[in-house]
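What follows is one structure encoded as structure tokens, with my remarks underneath.
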Amino acid sequence: MEFFLVQALNGISYGLLLFMLSSGLTLVFSLMGVLNFAHASFYMLGAYFAYQVSVKIGFWPALVLAPVLVGAVGMLVERWGLRKVHRFGHVAELLFTFGLAYLIEEAVHLVWGRLAVESPVPPELDGPLFHIMGSQYPIYRGFMMLVSVAMLVSIWLALTRTRIGLVIQASLTHPQTVEALGHNVPRVFMLVFGGGAALAGLAGVIGGNAFVTEPGMAAAVGPIIFVIVVVGGMGSLAGAFIASLLIGCMQTFAVSLDWSLGGITIAQAAPVLPYLLMVLMLILRPRGLMGTRDG
Amino acid sequence: MLEVRDLHAYYGKSHILHGVQLSVGAGEIVSLLGRNGVGRSTTIKAIMGMVDCEGSVKFGGEELLGHKTYAIAHKGLGYVPENRDIFPTLTVRQNLVLGEKRAQTPPRWRAEDMYEMFPRLKERADTLAGVLSGGEQQMLTLCRTLMGDPALVMIDEPTEGLAPKIVEQVANLFQEIRRRGVSILLVEQKLAIALDISERLYVMGHGRIVFEGAPRDVRGNAAMRKEWLEV
């Protein structure tokens with residue numbers, strides 16, 4: 001019971017962090033039809049920017065500044081890169097984001113080196129939040145959940161209660177009609193791309209401290225968020241939310257189970273499980289849990 | 001008010017419009033007639049900046065070609081697309097809100113005006129637009145564009161597939177639009193409606209304007225109707 005509770009909390013907090021990443025990816029995909037291969041690179045940039053700001057002025061300013069900076073980079077990428085490439089079609093856009101991911105990784109190598117940088121949990125968030133039957137639950141995990149839930153509620157309020165949110169929702173399905181009503185849809189695209197990048201950056205700030213800030217962190221998390229978007233359904237925020245929690249819990253539970261199947265423990269097979277789920281989903285339900293389009 | 005001169009439009013390498021010329025005056029209802037596929041919808045999309053084109057489109061003396069669609073909408077042109085392009089996941093009220101442009105001057109239309117003309121929309125204000133009937137969706141599309149307070153509204157096939165009673169309501173709305181000083185460029189297949197409400201009509205064929213005249217000219221020209229309009 002104790003094991004289950006602690007693992008469930010860990011799984012949910014990791015799942016919420018994954019949602020912070022996949023929500024931006026799926027929104028950008030819905031709106032612009034672009035599967036952004038550089039999305040996880042924004043997560044990495046968030047972690048490094050936060051490290052840099054933390055060193056100079058502390059963690060709390062970094063929590064705000066790093067996502068804003070990553071969002072600004074995202075908007076520049078959309079305005080001066082993706083928008084120019086758009087006329088050459090989706091393949092060109094895909095290749096552009098693929099190249100961008102490499103570019104960001106190399107830039108990180110150049111500026112911060114190839115080794116991990118030290119990004120410890122800030123002292124005020126270090127330590128146990130509570131004890132469950134003798135085990136400690138860290139404050140930082142609780143903080144991750146709090147930030148993720150706050151972000152989730154903010155996205156929901158922004159999308160459903162504000163005029164720009166309504167414009168985004170309408171642009172998901174009818175961009176031309178929205179533009180004919182006088183809304184600057186290209187600017188909406190830029191804001192959504194920047195917003196998605198900022199969310200990934202925020203995930204990077206808290207993920208960088210919880211795990212490790214190193215040049216391989218984008219490659220480590222990138223494939224998982226693609227799995228989430230496919231399993232949840234291309235372009236569905238609700239689907240991405242469910243799939244994030246599912247995969248977050250699945251990975252957390254799997255690594256700590258030593259049940260054996262034909263000589264291989266579940267813990268050993270844990271890294272493969274999300275991809276297995278994706279393959280099964282593609283075979284059985286290609287549109288994903290809540291997606292509206294096939295393939 | 002609207003002056004279209006020598007308009008050529010292209011979809012990729014296909015040349016769709018071959019030098020279209022037309023004009024709409026202030027407060028005027030003008031219809032654009034013709035069989036399916038002759039370029040009527042493309043003409044109004046080209047005016048709205050939604051397809052690649054060449055030539056000249058002047059609105060209030062200002063050249064529109066080269067401007068983005070949203071900028072053209074802000075200059076006072078409204079567009080009602082043919083396929084009842086409501087936003088299905090938003091409510092009726094939210095659809096209307098997205099039509100507003102938040103101009104400095106008080107607009108000619110408020111949501112209350114729409115609800116008064118179409119009480120059915122008021123009853124369903126908080127319903128998702130995707131579950132409305134075809135007629136209700138058409139009304140919503142028209143009202144949403146009017147909420148942006150256009151000086152000229154271009155309406156593509158508004159009565160297609162609608163019940164006669166709804167068609168009558170839509171025709172009444174056109175009269176109300178004109179009464180409030182808004183011009184209409186109407187793409188319509190139902191000749192009777194177009195003849196009834198228009199001051200002038202254009203007939204298109206093969207991407208060109210092939211006839212221009214008043215309703216009585218169309219009524220009196222059986223040969224033209226047979227060649228360009230009758231199926």
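In the structure tokens, each chain is lettered A, B, ... as it comes, each chain's residues begin at 1, and ligands are numbered from 1 in order of appearance.
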Select from range 13-195 of chain B everything DSSP, run on the backbone, classes as strand (DSSP E or B), then give the selection as a PyMOL selection string. chain B and resi 14-24+29-33+52-59+62-63+77-80+91+128+152-156+183-187
Should the cut-off be 6 Å, what would the residue list for chain A against chain B look like, counting only C-alpha atoms, as a ChimeraX atom specification? /A:170,179-184
Residue neighbourhood Ser119 in chain A, 12 Å, only C-alpha atoms, exclusion window fewer than 6 positions, as a count of residues only: 23
As a PyMOL selection string, which residues of range 11-88 of chain B does DSSP assign to helix (DSSP H, G or I)? chain B and resi 40-47+69-74
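Every protein or nucleic acid residue with an atom no more than 9 Å from range 129-143 of chain A, counting only C-alpha atoms and leaving out same-chain residues fewer than 5 positions away, appears here: Glu2, Phe3, Leu5, Val6, Leu9, Asn10, Ser13, Tyr14, Val121, Pro122, Glu124, Ser148, Ile206, Asn209 and Ala210 of chain A.
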